[in-house]
Structures are given as C-alpha cells and as structure tokens.
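To be precise, the following lines are coords.pdb, and they hold PDB, C-alpha atoms.
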ATOM      1  CA  MET A   1       0.000   0.000   0.000
ATOM      2  CA  GLU A   2       2.702   2.485   0.927
ATOM      3  CA  ALA A   3       4.774   1.692  -2.186
ATOM      4  CA  VAL A   4       1.801   2.271  -4.446
ATOM      5  CA  CYS A   5       1.152   5.624  -2.845
ATOM      6  CA  ALA A   6       4.737   6.740  -3.259
ATOM      7  CA  THR A   7       5.700   5.639  -6.734
ATOM      8  CA  TRP A   8       2.948   6.378  -9.199
ATOM      9  CA  GLY A   9       4.492   9.001 -11.453
ATOM     10  CA  PHE A  10       4.149  12.104  -9.339
ATOM     11  CA  SER A  11       5.607  15.041 -11.223
ATOM     12  CA  LYS A  12       4.945  17.613  -8.515
ATOM     13  CA  ALA A  13       5.599  17.683  -4.803
ATOM     14  CA  ARG A  14       2.905  15.726  -3.040
ATOM     15  CA  ILE A  15       1.790  15.103   0.472
ATOM     16  CA  ILE A  16       1.574  11.366   0.984
ATOM     17  CA  SER A  17      -1.070  10.064   3.335
ATOM     18  CA  PHE A  18      -1.086   6.547   4.664
ATOM     19  CA  PRO A  19      -3.730   4.498   6.359
ATOM     20  CA  ARG A  20      -2.979   4.096  10.027
ATOM     21  CA  THR A  21      -3.301   0.889  11.944
ATOM     22  CA  GLY A  22      -3.845   0.404  15.626
ATOM     23  CA  SER A  23      -4.684   3.341  17.825
ATOM     24  CA  SER A  24      -4.698   6.766  16.231
ATOM     25  CA  ARG A  25      -3.025   9.873  17.589
ATOM     26  CA  TYR A  26      -4.888  13.111  18.071
ATOM     27  CA  GLY A  27      -3.950  15.679  15.487
ATOM     28  CA  VAL A  28      -3.642  13.287  12.581
ATOM     29  CA  PHE A  29      -6.259  12.480  10.010
ATOM     30  CA  LEU A  30      -7.567   9.001   9.774
ATOM     31  CA  VAL A  31      -7.234   8.083   6.103
ATOM     32  CA  GLY A  32      -8.286   5.119   4.036
ATOM     33  CA  GLY A  33      -5.900   3.813   1.388
ATOM     34  CA  CYS A  34      -4.258   6.624  -0.569
ATOM     35  CA  SER A  35      -7.396   8.704  -0.528
ATOM     36  CA  ARG A  36      -5.708  11.869   0.742
ATOM     37  CA  THR A  37      -2.496  11.629  -1.255
ATOM     38  CA  GLN A  38      -2.544  14.758  -3.376
ATOM     39  CA  PRO A  39      -0.435  17.601  -4.785
ATOM     40  CA  LEU A  40       1.265  19.629  -2.079
ATOM     41  CA  LYS A  41       0.153  23.045  -3.239
ATOM     42  CA  PRO A  42      -3.601  22.783  -2.669
ATOM     43  CA  THR A  43      -3.402  20.902   0.622
ATOM     44  CA  PRO A  44      -3.378  23.590   3.288
ATOM     45  CA  VAL A  45      -5.832  21.560   5.344
ATOM     46  CA  ASP A  46      -3.406  18.667   5.644
ATOM     47  CA  LEU A  47      -0.378  20.886   6.122
ATOM     48  CA  SER A  48      -1.991  22.759   8.951
ATOM     49  CA  THR A  49      -2.306  19.517  10.905
ATOM     50  CA  LEU A  50       1.403  18.670  10.702
ATOM     51  CA  ASP A  51       2.916  21.100  13.195
ATOM     52  CA  GLY A  52       1.752  18.990  16.096
ATOM     53  CA  SER A  53       0.187  21.901  17.939
ATOM     54  CA  ALA A  54      -3.180  20.219  18.007
ATOM     55  CA  CYS A  55      -1.995  16.970  19.462
ATOM     56  CA  SER A  56      -2.836  18.016  22.967
ATOM     57  CA  GLY A  57      -6.170  19.153  24.245
ATOM     58  CA  ALA A  58      -9.520  17.627  24.896
ATOM     59  CA  GLY A  59     -12.435  16.900  22.629
ATOM     60  CA  GLY A  60     -12.266  16.679  18.866
ATOM     61  CA  THR A  61     -11.714  19.007  15.933
ATOM     62  CA  LEU A  62     -13.363  19.979  12.678
ATOM     63  CA  ILE A  63     -11.071  21.472  10.074
ATOM     64  CA  GLY A  64     -11.709  22.473   6.505
ATOM     65  CA  ARG A  65     -11.547  24.936   3.698
ATOM     66  CA  VAL A  66     -14.053  27.729   3.247
ATOM     67  CA  SER A  67     -14.637  28.270  -0.442
ATOM     68  CA  SER A  68     -17.041  30.060  -2.695
ATOM     69  CA  SER A  69     -18.271  29.664  -6.242
ATOM     70  CA  ASP A  70     -20.852  31.890  -7.819
ATOM     71  CA  ASP A  71     -21.400  29.821 -10.934
ATOM     72  CA  LYS A  72     -21.812  26.129 -11.588
ATOM     73  CA  GLY A  73     -18.737  24.681 -13.209
ATOM     74  CA  LYS A  74     -16.473  27.492 -12.073
ATOM     75  CA  GLU A  75     -13.633  26.557  -9.787
ATOM     76  CA  SER A  76     -14.329  27.545  -6.224
ATOM     77  CA  VAL A  77     -12.020  30.054  -4.580
ATOM     78  CA  PRO A  78     -10.993  30.301  -0.918
ATOM     79  CA  VAL A  79     -12.932  32.685   1.270
ATOM     80  CA  ARG A  80     -10.335  34.514   3.335
ATOM     81  CA  ASN A  81     -10.795  35.351   7.010
ATOM     82  CA  ALA A  82     -14.354  34.047   7.176
ATOM     83  CA  VAL A  83     -16.134  34.234  10.514
ATOM     84  CA  LEU A  84     -18.036  31.015  11.146
ATOM     85  CA  THR A  85     -20.427  30.211  13.959
ATOM     86  CA  PHE A  86     -20.958  26.552  14.709
ATOM     87  CA  ARG A  87     -23.501  25.316  17.226
ATOM     88  CA  ASP A  88     -23.532  22.142  19.226
ATOM     89  CA  TRP A  89     -26.669  20.084  19.673
ATOM     90  CA  TYR A  90     -27.783  22.291  22.571
ATOM     91  CA  GLY A  91     -27.410  25.473  20.504
ATOM     92  CA  LYS A  92     -24.256  26.722  22.224
ATOM     93  CA  PRO A  93     -22.299  28.845  19.730
ATOM     94  CA  TYR A  94     -18.635  28.304  18.883
ATOM     95  CA  VAL A  95     -17.139  31.080  16.760
ATOM     96  CA  THR A  96     -14.023  30.463  14.708
ATOM     97  CA  HIS A  97     -12.128  32.448  12.080
ATOM     98  CA  GLY A  98     -10.716  31.254   8.801
ATOM     99  CA  ASP A  99      -7.176  32.241   7.828
ATOM    100  CA  ASP A 100      -5.725  33.846   4.708
ATOM    101  CA  ASP A 101      -5.872  30.492   2.889
ATOM    102  CA  GLY A 102      -9.513  29.996   3.782
ATOM    103  CA  ILE A 103      -8.759  27.309   6.359
ATOM    104  CA  TYR A 104     -10.760  27.203   9.576
ATOM    105  CA  GLU A 105     -10.396  25.020  12.639
ATOM    106  CA  LEU A 106     -12.981  24.316  15.283
ATOM    107  CA  ARG A 107     -10.560  22.919  17.844
ATOM    108  CA  HIS A 108     -10.989  20.839  20.970
ATOM    109  CA  VAL A 109     -14.754  20.961  21.222
ATOM    110  CA  PRO A 110     -16.943  18.339  22.898
ATOM    111  CA  PRO A 111     -17.964  15.419  20.667
ATOM    112  CA  GLY A 112     -21.339  15.447  18.955
ATOM    113  CA  PRO A 113     -23.089  16.995  15.970
ATOM    114  CA  TYR A 114     -22.319  20.618  15.017
ATOM    115  CA  THR A 115     -24.352  22.747  12.658
ATOM    116  CA  LEU A 116     -23.123  25.889  10.960
ATOM    117  CA  ASP A 117     -25.096  29.129  11.066
ATOM    118  CA  SER A 118     -25.915  29.383   7.407
ATOM    119  CA  ARG A 119     -26.703  33.038   6.728
ATOM    120  CA  VAL A 120     -23.356  34.734   6.321
ATOM    121  CA  GLY A 121     -24.364  37.851   4.436
ATOM    122  CA  PRO A 122     -27.271  39.636   2.824
ATOM    123  CA  ASP A 123     -27.097  37.384  -0.241
ATOM    124  CA  ARG A 124     -24.780  34.540   0.754
ATOM    125  CA  TYR A 125     -25.230  31.356   2.719
ATOM    126  CA  ALA A 126     -22.798  28.762   3.998
ATOM    127  CA  SER A 127     -23.270  25.021   4.146
ATOM    128  CA  GLY A 128     -21.143  22.926   6.439
ATOM    129  CA  GLY A 129     -20.954  21.351   9.847
ATOM    130  CA  GLY A 130     -20.417  17.781  10.906
ATOM    131  CA  GLU A 131     -19.928  15.259  13.655
ATOM    132  CA  VAL A 132     -17.062  15.836  16.069
ATOM    133  CA  ALA A 133     -15.512  12.638  17.361
ATOM    134  CA  LEU A 134     -13.420  12.386  20.496
ATOM    135  CA  GLY A 135      -9.690  12.581  19.804
ATOM    136  CA  VAL A 136      -9.983  12.861  16.033
ATOM    137  CA  TRP A 137      -9.607  15.583  13.449
ATOM    138  CA  ARG A 138     -12.333  15.474  10.848
ATOM    139  CA  GLU A 139     -12.395  17.396   7.608
ATOM    140  CA  SER A 140     -15.578  19.304   6.936
ATOM    141  CA  SER A 141     -15.475  21.821   4.128
ATOM    142  CA  VAL A 142     -17.670  24.905   4.076
ATOM    143  CA  GLN A 143     -19.193  26.098   0.826
ATOM    144  CA  VAL A 144     -20.402  29.684   0.496
ATOM    145  CA  SER A 145     -22.995  30.285  -2.215
ATOM    146  CA  PRO A 146     -25.298  33.054  -3.351
ATOM    147  CA  TYR A 147     -29.029  32.698  -2.896
ATOM    148  CA  SER A 148     -32.116  34.493  -4.073
ATOM    149  CA  VAL A 149     -34.759  33.119  -1.683
ATOM    150  CA  THR A 150     -34.535  31.662   1.795
ATOM    151  CA  GLY A 151     -36.873  30.554   4.537
ATOM    152  CA  ARG A 152     -37.204  28.151   7.389
ATOM    153  CA  LEU A 153     -39.144  25.050   8.281
ATOM    154  CA  ARG A 154     -38.034  23.411  11.521
ATOM    155  CA  PRO A 155     -34.655  22.045  12.651
ATOM    156  CA  GLY A 156     -34.179  18.314  12.910
ATOM    157  CA  ILE A 157     -36.392  17.092  10.073
ATOM    158  CA  ALA A 158     -34.006  17.537   7.143
ATOM    159  CA  ALA A 159     -34.014  13.933   5.965
ATOM    160  CA  ASN A 160     -37.772  13.921   5.475
ATOM    161  CA  ALA A 161     -38.418  17.362   4.038
ATOM    162  CA  ARG A 162     -37.749  19.492   1.002
ATOM    163  CA  VAL A 163     -39.151  22.753  -0.305
ATOM    164  CA  LEU A 164     -40.355  23.516  -3.827
ATOM    165  CA  LEU A 165     -40.647  26.892  -5.479
ATOM    166  CA  LYS A 166     -43.451  26.632  -8.013
ATOM    167  CA  GLY A 167     -44.276  29.172 -10.656
ATOM    168  CA  TRP A 168     -46.692  29.262 -13.555
ATOM    169  CA  THR A 169     -46.612  28.250 -17.175
ATOM    170  CA  GLU A 170     -47.620  30.862 -19.725
TER     171      GLU A 170
ATOM    172  CA  MET B   1     -49.925  36.208 -13.643
ATOM    173  CA  PRO B   2     -51.277  33.881 -16.360
ATOM    174  CA  ALA B   3     -54.017  31.678 -14.933
ATOM    175  CA  CYS B   4     -52.946  28.338 -16.244
ATOM    176  CA  CYS B   5     -51.159  25.735 -14.273
ATOM    177  CA  LEU B   6     -48.278  25.180 -11.953
ATOM    178  CA  ARG B   7     -45.074  24.116 -13.599
ATOM    179  CA  ASP B   8     -42.495  21.842 -12.082
ATOM    180  CA  GLY B   9     -40.732  23.744  -9.384
ATOM    181  CA  LEU B  10     -37.203  24.350  -8.235
ATOM    182  CA  SER B  11     -36.331  22.108  -5.336
ATOM    183  CA  SER B  12     -34.239  22.817  -2.253
ATOM    184  CA  PRO B  13     -33.126  20.467   0.508
ATOM    185  CA  VAL B  14     -33.577  21.533   4.098
ATOM    186  CA  GLY B  15     -30.512  21.889   6.315
ATOM    187  CA  ALA B  16     -30.121  20.466   9.806
ATOM    188  CA  HIS B  17     -30.897  23.961  11.059
ATOM    189  CA  GLY B  18     -34.236  23.895   9.238
ATOM    190  CA  ARG B  19     -33.337  26.538   6.688
ATOM    191  CA  PHE B  20     -33.682  26.215   2.909
ATOM    192  CA  TYR B  21     -32.115  28.243   0.097
ATOM    193  CA  PHE B  22     -32.850  28.666  -3.585
ATOM    194  CA  LYS B  23     -29.758  29.823  -5.399
ATOM    195  CA  THR B  24     -31.443  31.268  -8.437
ATOM    196  CA  ALA B  25     -35.011  31.883  -9.404
ATOM    197  CA  PRO B  26     -36.260  33.957 -12.341
ATOM    198  CA  ALA B  27     -38.289  37.011 -11.422
ATOM    199  CA  GLY B  28     -41.944  36.248 -10.988
ATOM    200  CA  GLU B  29     -44.624  35.059  -8.598
ATOM    201  CA  TYR B  30     -44.364  31.701  -6.909
ATOM    202  CA  PHE B  31     -45.799  29.370  -4.324
ATOM    203  CA  LEU B  32     -43.526  27.808  -1.725
ATOM    204  CA  VAL B  33     -44.480  24.211  -1.038
ATOM    205  CA  ALA B  34     -42.932  22.090   1.716
ATOM    206  CA  GLU B  35     -43.057  18.353   1.056
ATOM    207  CA  PHE B  36     -42.753  15.833   3.874
ATOM    208  CA  THR B  37     -42.300  12.079   3.734
ATOM    209  CA  PHE B  38     -43.601  10.205   6.763
ATOM    210  CA  PRO B  39     -41.037   7.939   8.420
ATOM    211  CA  GLY B  40     -42.199   4.343   8.660
ATOM    212  CA  ARG B  41     -45.078   4.828   6.262
ATOM    213  CA  ASN B  42     -44.227   3.727   2.764
ATOM    214  CA  ASN B  43     -44.865   6.419   0.185
ATOM    215  CA  GLN B  44     -47.025   8.493   2.511
ATOM    216  CA  ALA B  45     -46.331  12.182   2.181
ATOM    217  CA  ALA B  46     -47.854  15.562   2.895
ATOM    218  CA  GLN B  47     -47.613  19.034   1.427
ATOM    219  CA  VAL B  48     -47.857  22.356   3.222
ATOM    220  CA  TYR B  49     -48.042  25.644   1.343
ATOM    221  CA  TYR B  50     -46.428  28.789   2.667
ATOM    222  CA  PRO B  51     -47.115  30.127   5.230
ATOM    223  CA  GLY B  52     -48.745  26.989   6.624
ATOM    224  CA  VAL B  53     -51.894  25.962   4.787
ATOM    225  CA  ASN B  54     -52.832  22.772   3.001
ATOM    226  CA  THR B  55     -54.379  24.135  -0.186
ATOM    227  CA  ARG B  56     -52.954  26.277  -2.923
ATOM    228  CA  GLU B  57     -56.030  28.519  -2.829
ATOM    229  CA  LYS B  58     -55.189  29.596   0.723
ATOM    230  CA  ALA B  59     -51.487  29.932   0.088
ATOM    231  CA  THR B  60     -49.625  33.228   0.006
ATOM    232  CA  ARG B  61     -47.848  33.943  -3.272
ATOM    233  CA  ILE B  62     -44.381  35.331  -3.027
ATOM    234  CA  ARG B  63     -42.831  37.761  -5.470
ATOM    235  CA  ILE B  64     -39.254  37.329  -6.521
ATOM    236  CA  PRO B  65     -37.774  40.472  -8.001
ATOM    237  CA  GLY B  66     -34.807  38.891  -9.799
ATOM    238  CA  ARG B  67     -32.360  39.727  -7.031
ATOM    239  CA  THR B  68     -31.941  38.396  -3.510
ATOM    240  CA  ARG B  69     -34.893  38.709  -1.182
ATOM    241  CA  SER B  70     -33.341  39.490   2.144
ATOM    242  CA  ASP B  71     -36.455  38.573   4.104
ATOM    243  CA  SER B  72     -37.053  35.010   5.246
ATOM    244  CA  PHE B  73     -40.109  32.964   4.322
ATOM    245  CA  ASP B  74     -40.606  31.028   7.531
ATOM    246  CA  PHE B  75     -43.341  28.411   7.631
ATOM    247  CA  ASP B  76     -45.740  28.311  10.572
ATOM    248  CA  ALA B  77     -44.226  25.572  12.745
ATOM    249  CA  ARG B  78     -47.698  24.506  13.893
ATOM    250  CA  ALA B  79     -48.502  23.397  10.333
ATOM    251  CA  ILE B  80     -45.452  21.160   9.979
ATOM    252  CA  PRO B  81     -46.409  17.510  10.540
ATOM    253  CA  LEU B  82     -42.925  16.290  11.489
ATOM    254  CA  VAL B  83     -40.938  16.978  14.639
ATOM    255  CA  PRO B  84     -37.517  15.891  15.872
ATOM    256  CA  LEU B  85     -37.401  13.340  18.676
ATOM    257  CA  PRO B  86     -34.198  14.026  20.628
ATOM    258  CA  ILE B  87     -32.651  11.010  22.333
ATOM    259  CA  PHE B  88     -29.708  10.645  24.673
ATOM    260  CA  VAL B  89     -28.332   7.246  25.641
ATOM    261  CA  GLU B  90     -26.608   7.545  28.983
ATOM    262  CA  SER B  91     -23.009   6.407  29.004
ATOM    263  CA  PRO B  92     -22.186   3.996  31.850
ATOM    264  CA  ASP B  93     -18.597   5.221  31.670
ATOM    265  CA  PRO B  94     -18.282   8.765  30.250
ATOM    266  CA  SER B  95     -14.663   8.141  29.289
ATOM    267  CA  HIS B  96     -15.600   5.089  27.259
ATOM    268  CA  ARG B  97     -18.396   5.715  24.820
ATOM    269  CA  ILE B  98     -19.948   2.730  23.123
ATOM    270  CA  SER B  99     -21.957   2.274  19.949
ATOM    271  CA  VAL B 100     -25.558   1.197  20.301
ATOM    272  CA  VAL B 101     -28.667   1.167  18.128
ATOM    273  CA  VAL B 102     -31.800   3.127  18.955
ATOM    274  CA  LEU B 103     -34.912   1.353  17.677
ATOM    275  CA  LEU B 104     -38.180   3.190  17.153
ATOM    276  CA  LEU B 105     -41.483   1.296  16.861
ATOM    277  CA  ASP B 106     -44.856   2.833  16.042
ATOM    278  CA  SER B 107     -48.001   2.126  18.057
ATOM    279  CA  GLY B 108     -48.663  -0.930  15.893
ATOM    280  CA  GLY B 109     -45.280  -2.409  16.766
ATOM    281  CA  HIS B 110     -43.778  -1.775  13.338
ATOM    282  CA  ALA B 111     -40.187  -0.587  13.029
ATOM    283  CA  VAL B 112     -40.143   3.065  12.001
ATOM    284  CA  ASN B 113     -36.459   3.777  12.188
ATOM    285  CA  GLN B 114     -33.229   2.628  13.729
ATOM    286  CA  LEU B 115     -30.224   4.773  14.306
ATOM    287  CA  GLY B 116     -26.673   3.905  15.280
ATOM    288  CA  VAL B 117     -25.560   6.275  18.034
ATOM    289  CA  SER B 118     -22.745   6.702  20.480
ATOM    290  CA  THR B 119     -23.558   6.778  24.187
ATOM    291  CA  GLY B 120     -23.171  10.211  25.709
ATOM    292  CA  ASN B 121     -24.043  12.026  22.473
ATOM    293  CA  PRO B 122     -27.460  13.545  21.797
ATOM    294  CA  SER B 123     -29.092  12.502  18.533
ATOM    295  CA  GLU B 124     -32.403  12.951  16.779
ATOM    296  CA  LEU B 125     -34.966  10.902  14.910
ATOM    297  CA  THR B 126     -37.684  12.454  12.782
ATOM    298  CA  VAL B 127     -41.214  11.438  13.799
ATOM    299  CA  ILE B 128     -44.821  12.369  13.054
ATOM    300  CA  ARG B 129     -46.331  14.899  15.410
ATOM    301  CA  GLY B 130     -49.098  13.379  17.549
ATOM    302  CA  GLU B 131     -48.019   9.771  16.982
ATOM    303  CA  THR B 132     -46.978   7.463  19.826
ATOM    304  CA  TYR B 133     -43.682   5.574  19.656
ATOM    305  CA  ASP B 134     -41.790   2.995  21.672
ATOM    306  CA  ILE B 135     -38.051   3.592  21.968
ATOM    307  CA  SER B 136     -35.516   0.984  23.010
ATOM    308  CA  VAL B 137     -31.742   0.612  22.844
ATOM    309  CA  LEU B 138     -30.131  -2.447  21.262
ATOM    310  CA  ASP B 139     -26.595  -3.766  21.295
ATOM    311  CA  SER B 140     -24.988  -2.786  17.999
ATOM    312  CA  ALA B 141     -23.582  -6.262  17.341
ATOM    313  CA  SER B 142     -26.087  -8.749  18.726
ATOM    314  CA  TYR B 143     -29.175  -6.523  18.500
ATOM    315  CA  ARG B 144     -30.146  -7.693  21.967
ATOM    316  CA  LYS B 145     -32.231  -5.237  23.900
ATOM    317  CA  ARG B 146     -30.176  -3.181  26.339
ATOM    318  CA  SER B 147     -32.739  -0.813  27.844
ATOM    319  CA  GLU B 148     -36.268  -0.570  29.107
ATOM    320  CA  THR B 149     -38.776   0.527  26.482
ATOM    321  CA  VAL B 150     -39.798   4.162  26.754
ATOM    322  CA  ARG B 151     -43.103   5.329  25.240
ATOM    323  CA  VAL B 152     -43.397   8.886  23.949
ATOM    324  CA  THR B 153     -45.983  10.889  22.057
ATOM    325  CA  ALA B 154     -44.363  13.170  19.516
ATOM    326  CA  ALA B 155     -44.927  16.891  19.999
ATOM    327  CA  SER B 156     -43.255  20.172  19.157
ATOM    328  CA  GLY B 157     -40.417  21.234  21.423
ATOM    329  CA  MET B 158     -39.763  17.821  22.959
ATOM    330  CA  THR B 159     -36.974  17.675  25.509
ATOM    331  CA  LEU B 160     -34.306  14.969  25.475
ATOM    332  CA  THR B 161     -35.580  11.468  26.082
ATOM    333  CA  ARG B 162     -32.855   9.888  28.207
ATOM    334  CA  MET B 163     -32.294   6.158  27.838
ATOM    335  CA  ALA B 164     -30.323   4.157  30.396
ATOM    336  CA  LEU B 165     -28.527   0.912  29.585
ATOM    337  CA  THR B 166     -29.822  -1.807  31.866
ATOM    338  CA  ARG B 167     -27.725  -4.837  30.983
ATOM    339  CA  ARG B 168     -24.150  -5.440  29.969
ATOM    340  CA  GLU B 169     -23.231  -7.391  26.839
TER     341      GLU B 169
END

Final structure tokens representation of the file:
Amino acid sequence: MEAVCATWGFSKARIISFPRTGSSRYGVFLVGGCSRTQPLKPTPVDLSTLDGSACSGAGGTLIGRVSSSDDKGKESVPVRNAVLTFRDWYGKPYVTHGDDDGIYELRHVPPGPYTLDSRVGPDRYASGGGEVALGVWRESSVQVSPYSVTGRLRPGIAANARVLLKGWTE
Amino acid sequence: MPACCLRDGLSSPVGAHGRFYFKTAPAGEYFLVAEFTFPGRNNQAAQVYYPGVNTREKATRIRIPGRTRSDSFDFDARAIPLVPLPIFVESPDPSHRISVVVLLLDSGGHAVNQLGVSTGNPSELTVIRGETYDISVLDSASYRKRSETVRVTAASGMTLTRMALTRRE
C-alpha cells in the first residue's frame, strides 16, 4: 500500500497520506488507502495539521476549507478570514475564524453533531458542519454560495423534508 | 400572472438547522411548497403551502424580483407535521463511549427507524407529530435489547428522552 502511494508518477511535490493501523493519535487524520495523497500546493488543510500543535487538548476538531463559487462549473475560490459560527446540539455557539488560505479550525470541542449558522451575508449562505468525534480531526469543508430566496421550516427534520418553489406556465 | 397551471418547481433540501435556500429563481410570482415524507409509512407524504396551509387557494404567493430577497419565508411551525425526537443514551462510563442502536417502533409495533448512536451524544430521529412511539436501545452487534422501552408521544419542542442501559453485553 505504501509503495503504491509513493511511486505512481508524481511530477509535482505531493503530500503522501497513509492508512494508520492500531490506535490513532490526536492531530492526525484518519485516512483510508491513498485517498488523501494529493499535490502539495492545494493541501493547506493537511499541512496545517502537521505542526503537532493540536496533538494536545480535549475533545475533537473539525477542520476544513471555506470556499465560494458563484457559478456552476467554475472553480471555487478560498474565502479569506471568514467568521463562522458553529452550534452544538444544545445550541451553544462556537465562533471560529478562517485564515488567509480559507482554512478554519474548530478545535478541541466536545464530541457530537455541530451545525453551521448558514446566513453569512445579505445574499450569501454557507453550508457545512459535521460530527465531532473524540480525539480525532475530521475534515468538513464549508461552501459559500449566493441565494435568491430563503426561509425556514423546523430544525431536525431535514431527511424527510424538502421545499419547492413553483411558478406558472404561460 | 397567467391563470394556467403550476409548472415543475425548483427544489431545495432543508438543512439540519431547518433553513432552505434557492440559489437562483427567475423574477416572478411563486408558491412555496414544503413536502414531507412520513417515516415508517411507505410512500405516505404531505404538502404544506407557505405560510402553513394545506391548499394552494389559501397559500400566500411570493414575489421574486430577480435579485436576492433578504427577508425570510418562515413556515408556521404549527402546520409542519414532522418533529424531531431528541434522544440521549446515557453512558455507563463517560470516558468510554460505546456504539448502540436506537430502535423506534410505532403504536402498531412496526419498526419506524433505527439509528446507530454513540452513548453520551445527543441525537435525533424524525417522527410524526401526535403519533406514539416505543423507543428501546439495542446492542450494535447482537441486537439484543439493552434498555427498558420508553413510550413517547411526539410533539413540538420535545426535551431529550434519556435512555439508560440496563444490561451489559
């Protein structure tokens, strides 16, 4: 497995990720196969986990890239210095700031599900959030998109609900 | 507005926070329709029109000007037939969380849903408001029952139903 990851014709510097066996160490991604092996340049999420600074501390961590794309098919671009508010299951807010590369970290928070406050501007919304697991870093990207109409039903019923916007034929 | 017929609509999922977004919509007048599928009831569904009525004739039309509407079209929560059922399985040892399965049966004894959860973490199941359910906790490997059965009637604003493990696997 490790040889395959390391030898397949990489022409650019890459960060090589290996699956770990046995107990994992806080501050390191759990990876499957070579799934996170990728060019070095666009991997600020992985690089930011390598300095070891997050290997101490309680709870778990969400980390990810905040990006934005106005049009379908266009490459998304990092959103710099975004202010994100996550909430735990009880509604307690946890505010974190993205950096110049668009990377945010929600560090050392209690395990459980976290939702992201979605309205981030007068015409933008963010989708993200995820499950924090004890002693593990999890990647959870945040996508910022424009919207034209918003509204609200009720929290906690997402899997069984959708909303349609119906107009008229001429 | 031409008085003909509704065309197929744009569709938006609903986030965990309950909010929905439509990225783009041409200028015009529209109805907002929330569609709900009933857990445990094959193919049974319901529609609610904004702001919380069950017929199109009573619904409020919304005007989209071709740019972002900054206001929020919030449905009347009393008209929404589904509610979250929050569940918390107590952890016998808070430093050692274990995986269990929460099983939900309807009043007829039919399985409505089952959810793998970790002890010590709150979680939610979607249920039909006004219906009665039996909740029990099963071992995730053997599916043996590991709690007493708790009966609840689904309502808006339910507090956490706490489940205690009663036997060790």

Tell me which residues the ChimeraX specification (/A :<7) & /B grabs here, as a VMD selection string. chain B and resid 2 4 to 25 29 to 37 67 to 70 72 to 75 77 82 to 84 121 to 122 124 126

Counting all atoms listed in the file, what is within 9 Å of Val102 of chain B, bar same-chain residues fewer than 4 positions away, as number ranges by chain? B: 87, 89, 113-117, 135-139

Go ahead and dump the residues you just picked, C-alpha atoms, as a JSON list (two decimals), in the frame of the given file.
[["chain", "number", "residue", "atom", "x", "y", "z"],
["B", 87, "ILE", "CA", -32.65, 11.01, 22.33],
["B", 89, "VAL", "CA", -28.33, 7.25, 25.64],
["B", 113, "ASN", "CA", -36.46, 3.78, 12.19],
["B", 114, "GLN", "CA", -33.23, 2.63, 13.73],
["B", 115, "LEU", "CA", -30.22, 4.77, 14.31],
["B", 116, "GLY", "CA", -26.67, 3.90, 15.28],
["B", 117, "VAL", "CA", -25.56, 6.28, 18.03],
["B", 135, "ILE", "CA", -38.05, 3.59, 21.97],
["B", 136, "SER", "CA", -35.52, 0.98, 23.01],
["B", 137, "VAL", "CA", -31.74, 0.61, 22.84],
["B", 138, "LEU", "CA", -30.13, -2.45, 21.26],
["B", 139, "ASP", "CA", -26.60, -3.77, 21.30]]

With the PyMOL selection byres ((chain B and resi 162) around 8) as the selection, what would be picked from this file? Answer as a PyMOL selection string, please. chain B and resi 87-90+160-161+163-164

Could those selected residues go to a file with C-alpha atoms, as a PDB file, in the coordinates of the input?
ATOM      1  CA  ILE B  87     -32.651  11.010  22.333  1.00  0.00           C
ATOM      2  CA  PHE B  88     -29.708  10.645  24.673  1.00  0.00           C
ATOM      3  CA  VAL B  89     -28.332   7.246  25.641  1.00  0.00           C
ATOM      4  CA  GLU B  90     -26.608   7.545  28.983  1.00  0.00           C
ATOM      5  CA  LEU B 160     -34.306  14.969  25.475  1.00  0.00           C
ATOM      6  CA  THR B 161     -35.580  11.468  26.082  1.00  0.00           C
ATOM      7  CA  MET B 163     -32.294   6.158  27.838  1.00  0.00           C
ATOM      8  CA  ALA B 164     -30.323   4.157  30.396  1.00  0.00           C
TER       9      ALA B 164
END

Go ahead and compute the interatomic distance for atom CA of Ser156 of chain B and atom CA of Tyr94 of chain A, in Å to one decimal.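 It comes out at 25.9 Å.
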
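Atom pair atom CA of Glu131 of chain B / atom CA of Asn43 of chain B has a distance of 17.4 Å (rounded to one decimal).
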
Which value, in Å to one decimal, gives the distance between atom CA of Val136 of chain A and atom CA of Val83 of chain A?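 Calculated distance between atom CA of Val136 of chain A and atom CA of Val83 of chain A is 22.9 Å.
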
Could you give me segment 144-157 of chain B completed to N, CA and C atoms, formatted as a compact mmCIF listing (two decimals), keeping the file's coordinate frame?
# COMPACT_ATOMS: atom_id res chain seq x y z
N ARG B 144 -29.39 -7.40 20.76
CA ARG B 144 -30.15 -7.69 21.97
C ARG B 144 -30.55 -6.39 22.63
N LYS B 145 -31.71 -6.44 23.26
CA LYS B 145 -32.23 -5.24 23.90
C LYS B 145 -31.37 -4.88 25.11
N ARG B 146 -31.05 -3.60 25.24
CA ARG B 146 -30.18 -3.18 26.34
C ARG B 146 -30.79 -2.07 27.19
N SER B 147 -32.10 -1.85 27.02
CA SER B 147 -32.74 -0.81 27.84
C SER B 147 -34.19 -1.18 28.07
N GLU B 148 -34.82 -0.50 29.00
CA GLU B 148 -36.27 -0.57 29.11
C GLU B 148 -36.87 0.17 27.91
N THR B 149 -38.09 -0.19 27.56
CA THR B 149 -38.78 0.53 26.48
C THR B 149 -39.41 1.80 27.05
N VAL B 150 -39.21 2.89 26.33
CA VAL B 150 -39.80 4.16 26.75
C VAL B 150 -40.83 4.58 25.71
N ARG B 151 -42.04 4.91 26.16
CA ARG B 151 -43.10 5.33 25.24
C ARG B 151 -43.21 6.85 25.24
N VAL B 152 -43.26 7.43 24.06
CA VAL B 152 -43.40 8.89 23.95
C VAL B 152 -44.46 9.22 22.90
N THR B 153 -45.09 10.35 23.08
CA THR B 153 -45.98 10.89 22.06
C THR B 153 -45.32 12.13 21.48
N ALA B 154 -45.14 12.12 20.17
CA ALA B 154 -44.36 13.17 19.52
C ALA B 154 -45.09 14.51 19.55
N ALA B 155 -44.36 15.54 19.93
CA ALA B 155 -44.93 16.89 20.00
C ALA B 155 -43.83 17.89 19.69
N SER B 156 -44.24 19.13 19.41
CA SER B 156 -43.26 20.17 19.16
C SER B 156 -42.48 20.47 20.44
N GLY B 157 -41.22 20.80 20.29
CA GLY B 157 -40.42 21.23 21.42
C GLY B 157 -40.14 20.16 22.45
